[in-house]
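To start, the structure under review is shown below, and the notes come after it.
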Amino acid sequence: MKKNVFVDPAVALRYLFAGRAEITVTSNRTGSSYQWRIVIPSKYWNDPVPQCFFIWSGDIYLGVIAGGRFFPKKTSQETKAFSWVLTSLLNGRMAGYTLRHSGNCGRCGYPLIALESHYTGLGADCNNKMRG
Ligand SMILES: [Zn+2]
């Protein structure tokens with residue numbers, strides 16, 4: 001198992017929607033990569049099942065996920081790539097790219113230590129607090 005690399009689309013999606021996700025997606029074909037942050041806006045942070053997520057690339061705002069759909073601020077190569085990756089994960093597929101998390105918990109941001117946490121991208125406490 002490679003460190004911080006997701007192998008299960010469902011596990012990756014759980015991390016993606018944890019609130020403070022930081023992912024790196026690398027194309028297996030071209031080797032090019034993107035880094036994205038998927039965050040729950042603070043006003044929705046305490047929702048039992050948050051439905052709204054902002055997508056950032058560095059300081060650049062890419063768009064919002066609402067109701068499971070991605071709405072890009074404007075169409076670009078990068079928002080197309082994000083949309084493609086999200087759709088593939090929602091369809092239970094992870095082919096053609098490698099998806100890594102940052103090594104910090106996707107919910108609280110603390111550095112991950114346990115081996116199981118490197119698989120999920122979530123610390124044990126945060127993993128238990130999350131529904132589903
Ligand atoms: Zn945590």
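Labels for the structure tokens follow display order: chains A, B, ..., residues from 1 in each chain, ligands from 1.
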
What residues of the protein or nucleic acid chains come within 8 Å of ligand 1 when you use only C-alpha atoms and all ligand atoms? Reply as a compact mmCIF listing (two decimals) with C-alpha atoms, in the first residue's frame.
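Saved as pocket.txt:
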```txt
# COMPACT_ATOMS: atom_id res chain seq x y z
CA ASN A 104 -3.52 15.35 7.35
CA CYS A 105 -6.97 14.40 8.61
CA GLY A 106 -9.66 15.43 6.09
CA ARG A 107 -11.93 16.62 8.88
CA CYS A 108 -9.77 18.32 11.54
CA GLY A 109 -6.51 18.84 9.67
CA TYR A 110 -4.27 17.11 12.22
CA LEU A 112 -2.30 11.37 10.50
CA LEU A 122 -9.19 10.44 8.53
CA GLY A 123 -8.08 10.23 12.14
CA ALA A 124 -9.84 7.57 14.24
CA ASP A 125 -11.89 10.08 16.26
CA CYS A 126 -13.04 12.02 13.22
CA ASN A 127 -13.80 8.81 11.36
```

### Message
Run DSSP on the backbone and tell me which residues of chain A come out as helix (DSSP H, G or I); list them as a PyMOL selection string.
### Response
chain A and resi 9-16+42-44+77-90+115-120+124-129

Any chance you can output those residues with N, CA and C atoms as a JSON list (two decimals), in the first residue's frame?
```json
[["chain", "number", "residue", "atom", "x", "y", "z"],
["A", 9, "PRO", "N", -12.78, 3.86, -4.15],
["A", 9, "PRO", "CA", -13.53, 5.09, -4.46],
["A", 9, "PRO", "C", -14.43, 5.54, -3.32],
["A", 10, "ALA", "N", -15.07, 4.60, -2.62],
["A", 10, "ALA", "CA", -15.98, 4.96, -1.54],
["A", 10, "ALA", "C", -15.21, 5.61, -0.38],
["A", 11, "VAL", "N", -14.03, 5.07, -0.09],
["A", 11, "VAL", "CA", -13.19, 5.64, 0.98],
["A", 11, "VAL", "C", -12.71, 7.02, 0.56],
["A", 12, "ALA", "N", -12.36, 7.17, -0.70],
["A", 12, "ALA", "CA", -11.91, 8.47, -1.21],
["A", 12, "ALA", "C", -13.02, 9.50, -1.12],
["A", 13, "LEU", "N", -14.24, 9.12, -1.45],
["A", 13, "LEU", "CA", -15.38, 10.05, -1.40],
["A", 13, "LEU", "C", -15.67, 10.49, 0.02],
["A", 14, "ARG", "N", -15.55, 9.56, 0.96],
["A", 14, "ARG", "CA", -15.77, 9.88, 2.37],
["A", 14, "ARG", "C", -14.78, 10.96, 2.81],
["A", 15, "TYR", "N", -13.54, 10.80, 2.38],
["A", 15, "TYR", "CA", -12.52, 11.80, 2.69],
["A", 15, "TYR", "C", -12.83, 13.13, 2.00],
["A", 16, "LEU", "N", -13.20, 13.05, 0.75],
["A", 16, "LEU", "CA", -13.49, 14.25, -0.04],
["A", 16, "LEU", "C", -14.53, 15.14, 0.63],
["A", 42, "SER", "N", -18.02, 27.54, 6.54],
["A", 42, "SER", "CA", -18.17, 27.52, 8.00],
["A", 42, "SER", "C", -19.63, 27.51, 8.45],
["A", 43, "LYS", "N", -20.51, 28.19, 7.71],
["A", 43, "LYS", "CA", -21.92, 28.25, 8.16],
["A", 43, "LYS", "C", -22.61, 26.89, 8.07],
["A", 44, "TYR", "N", -22.04, 25.97, 7.29],
["A", 44, "TYR", "CA", -22.64, 24.64, 7.16],
["A", 44, "TYR", "C", -21.89, 23.57, 7.97],
["A", 77, "GLN", "N", -9.89, 23.87, -18.06],
["A", 77, "GLN", "CA", -9.31, 22.53, -18.08],
["A", 77, "GLN", "C", -9.38, 21.91, -16.68],
["A", 78, "GLU", "N", -9.10, 22.74, -15.68],
["A", 78, "GLU", "CA", -9.03, 22.23, -14.32],
["A", 78, "GLU", "C", -10.42, 21.87, -13.78],
["A", 79, "THR", "N", -11.43, 22.70, -14.03],
["A", 79, "THR", "CA", -12.76, 22.36, -13.54],
["A", 79, "THR", "C", -13.30, 21.13, -14.28],
["A", 80, "LYS", "N", -12.92, 20.98, -15.55],
["A", 80, "LYS", "CA", -13.32, 19.76, -16.28],
["A", 80, "LYS", "C", -12.68, 18.54, -15.63],
["A", 81, "ALA", "N", -11.40, 18.68, -15.26],
["A", 81, "ALA", "CA", -10.69, 17.56, -14.62],
["A", 81, "ALA", "C", -11.35, 17.22, -13.28],
["A", 82, "PHE", "N", -11.69, 18.26, -12.51],
["A", 82, "PHE", "CA", -12.32, 18.00, -11.22],
["A", 82, "PHE", "C", -13.66, 17.29, -11.40],
["A", 83, "SER", "N", -14.44, 17.81, -12.32],
["A", 83, "SER", "CA", -15.75, 17.22, -12.60],
["A", 83, "SER", "C", -15.61, 15.75, -13.00],
["A", 84, "TRP", "N", -14.61, 15.48, -13.83],
["A", 84, "TRP", "CA", -14.39, 14.12, -14.32],
["A", 84, "TRP", "C", -14.01, 13.17, -13.17],
["A", 85, "VAL", "N", -13.11, 13.64, -12.30],
["A", 85, "VAL", "CA", -12.68, 12.81, -11.17],
["A", 85, "VAL", "C", -13.86, 12.56, -10.22],
["A", 86, "LEU", "N", -14.60, 13.62, -9.91],
["A", 86, "LEU", "CA", -15.75, 13.47, -9.00],
["A", 86, "LEU", "C", -16.77, 12.48, -9.57],
["A", 87, "THR", "N", -17.08, 12.64, -10.85],
["A", 87, "THR", "CA", -18.06, 11.74, -11.48],
["A", 87, "THR", "C", -17.56, 10.29, -11.45],
["A", 88, "SER", "N", -16.30, 10.09, -11.72],
["A", 88, "SER", "CA", -15.78, 8.72, -11.72],
["A", 88, "SER", "C", -15.87, 8.11, -10.32],
["A", 89, "LEU", "N", -15.56, 8.90, -9.29],
["A", 89, "LEU", "CA", -15.65, 8.38, -7.92],
["A", 89, "LEU", "C", -17.10, 8.05, -7.56],
["A", 90, "LEU", "N", -18.01, 8.96, -7.94],
["A", 90, "LEU", "CA", -19.43, 8.72, -7.64],
["A", 90, "LEU", "C", -19.95, 7.48, -8.36],
["A", 115, "LEU", "N", -1.68, 3.70, 10.70],
["A", 115, "LEU", "CA", -1.67, 3.15, 9.35],
["A", 115, "LEU", "C", -3.08, 3.17, 8.73],
["A", 116, "GLU", "N", -4.07, 2.82, 9.53],
["A", 116, "GLU", "CA", -5.46, 2.82, 9.08],
["A", 116, "GLU", "C", -5.87, 4.23, 8.62],
["A", 117, "SER", "N", -5.35, 5.24, 9.30],
["A", 117, "SER", "CA", -5.67, 6.62, 8.94],
["A", 117, "SER", "C", -5.08, 7.00, 7.59],
["A", 118, "HIS", "N", -3.94, 6.41, 7.25],
["A", 118, "HIS", "CA", -3.36, 6.71, 5.95],
["A", 118, "HIS", "C", -4.21, 6.11, 4.83],
["A", 119, "TYR", "N", -4.93, 5.05, 5.17],
["A", 119, "TYR", "CA", -5.84, 4.43, 4.20],
["A", 119, "TYR", "C", -7.10, 5.27, 4.00],
["A", 120, "THR", "N", -7.63, 5.80, 5.11],
["A", 120, "THR", "CA", -8.90, 6.54, 5.04],
["A", 120, "THR", "C", -8.70, 8.05, 4.85],
["A", 124, "ALA", "N", -8.86, 8.51, 13.69],
["A", 124, "ALA", "CA", -9.84, 7.57, 14.24],
["A", 124, "ALA", "C", -11.04, 8.30, 14.85],
["A", 125, "ASP", "N", -10.79, 9.35, 15.61],
["A", 125, "ASP", "CA", -11.89, 10.08, 16.26],
["A", 125, "ASP", "C", -12.81, 10.70, 15.22],
["A", 126, "CYS", "N", -12.24, 11.37, 14.25],
["A", 126, "CYS", "CA", -13.04, 12.02, 13.22],
["A", 126, "CYS", "C", -13.79, 10.98, 12.40],
["A", 127, "ASN", "N", -13.15, 9.89, 12.12],
["A", 127, "ASN", "CA", -13.80, 8.81, 11.36],
["A", 127, "ASN", "C", -15.06, 8.34, 12.11],
["A", 128, "ASN", "N", -14.94, 8.23, 13.43],
["A", 128, "ASN", "CA", -16.10, 7.77, 14.23],
["A", 128, "ASN", "C", -17.19, 8.82, 14.30],
["A", 129, "LYS", "N", -16.78, 10.11, 14.31],
["A", 129, "LYS", "CA", -17.78, 11.18, 14.43],
["A", 129, "LYS", "C", -18.59, 11.37, 13.15]]
```

### Task
Quick one: pull the distance between CA of Phe71 (chain A) and CA of Val39 (chain A), Å, one decimal.
14.5 Å

### Task
Determine, counting only C-alpha atoms, which protein, DNA and RNA residues have an atom within 6 Å of an atom of Val5 (chain A); residues of the same chain fewer than 3 positions away are not included. Present the result as a ChimeraX atom specification.
/A:2,99-100

Generate a file of the selected residues that holds C-alpha atoms, formatted as a PDB file, in the first residue's frame.
```
ATOM      1  CA  LYS A   2       1.442   3.342  -1.037  1.00  0.00           C
ATOM      2  CA  LEU A  99      -5.564  10.095  -5.935  1.00  0.00           C
ATOM      3  CA  ARG A 100      -3.630  11.091  -2.819  1.00  0.00           C
TER       4      ARG A 100
END
```

### Query
With distances taken over only C-alpha atoms, which of A:Arg29, A:Lys3, A:His101, A:Arg69 is nearest to Phe53 (chain A)?
A:Arg69
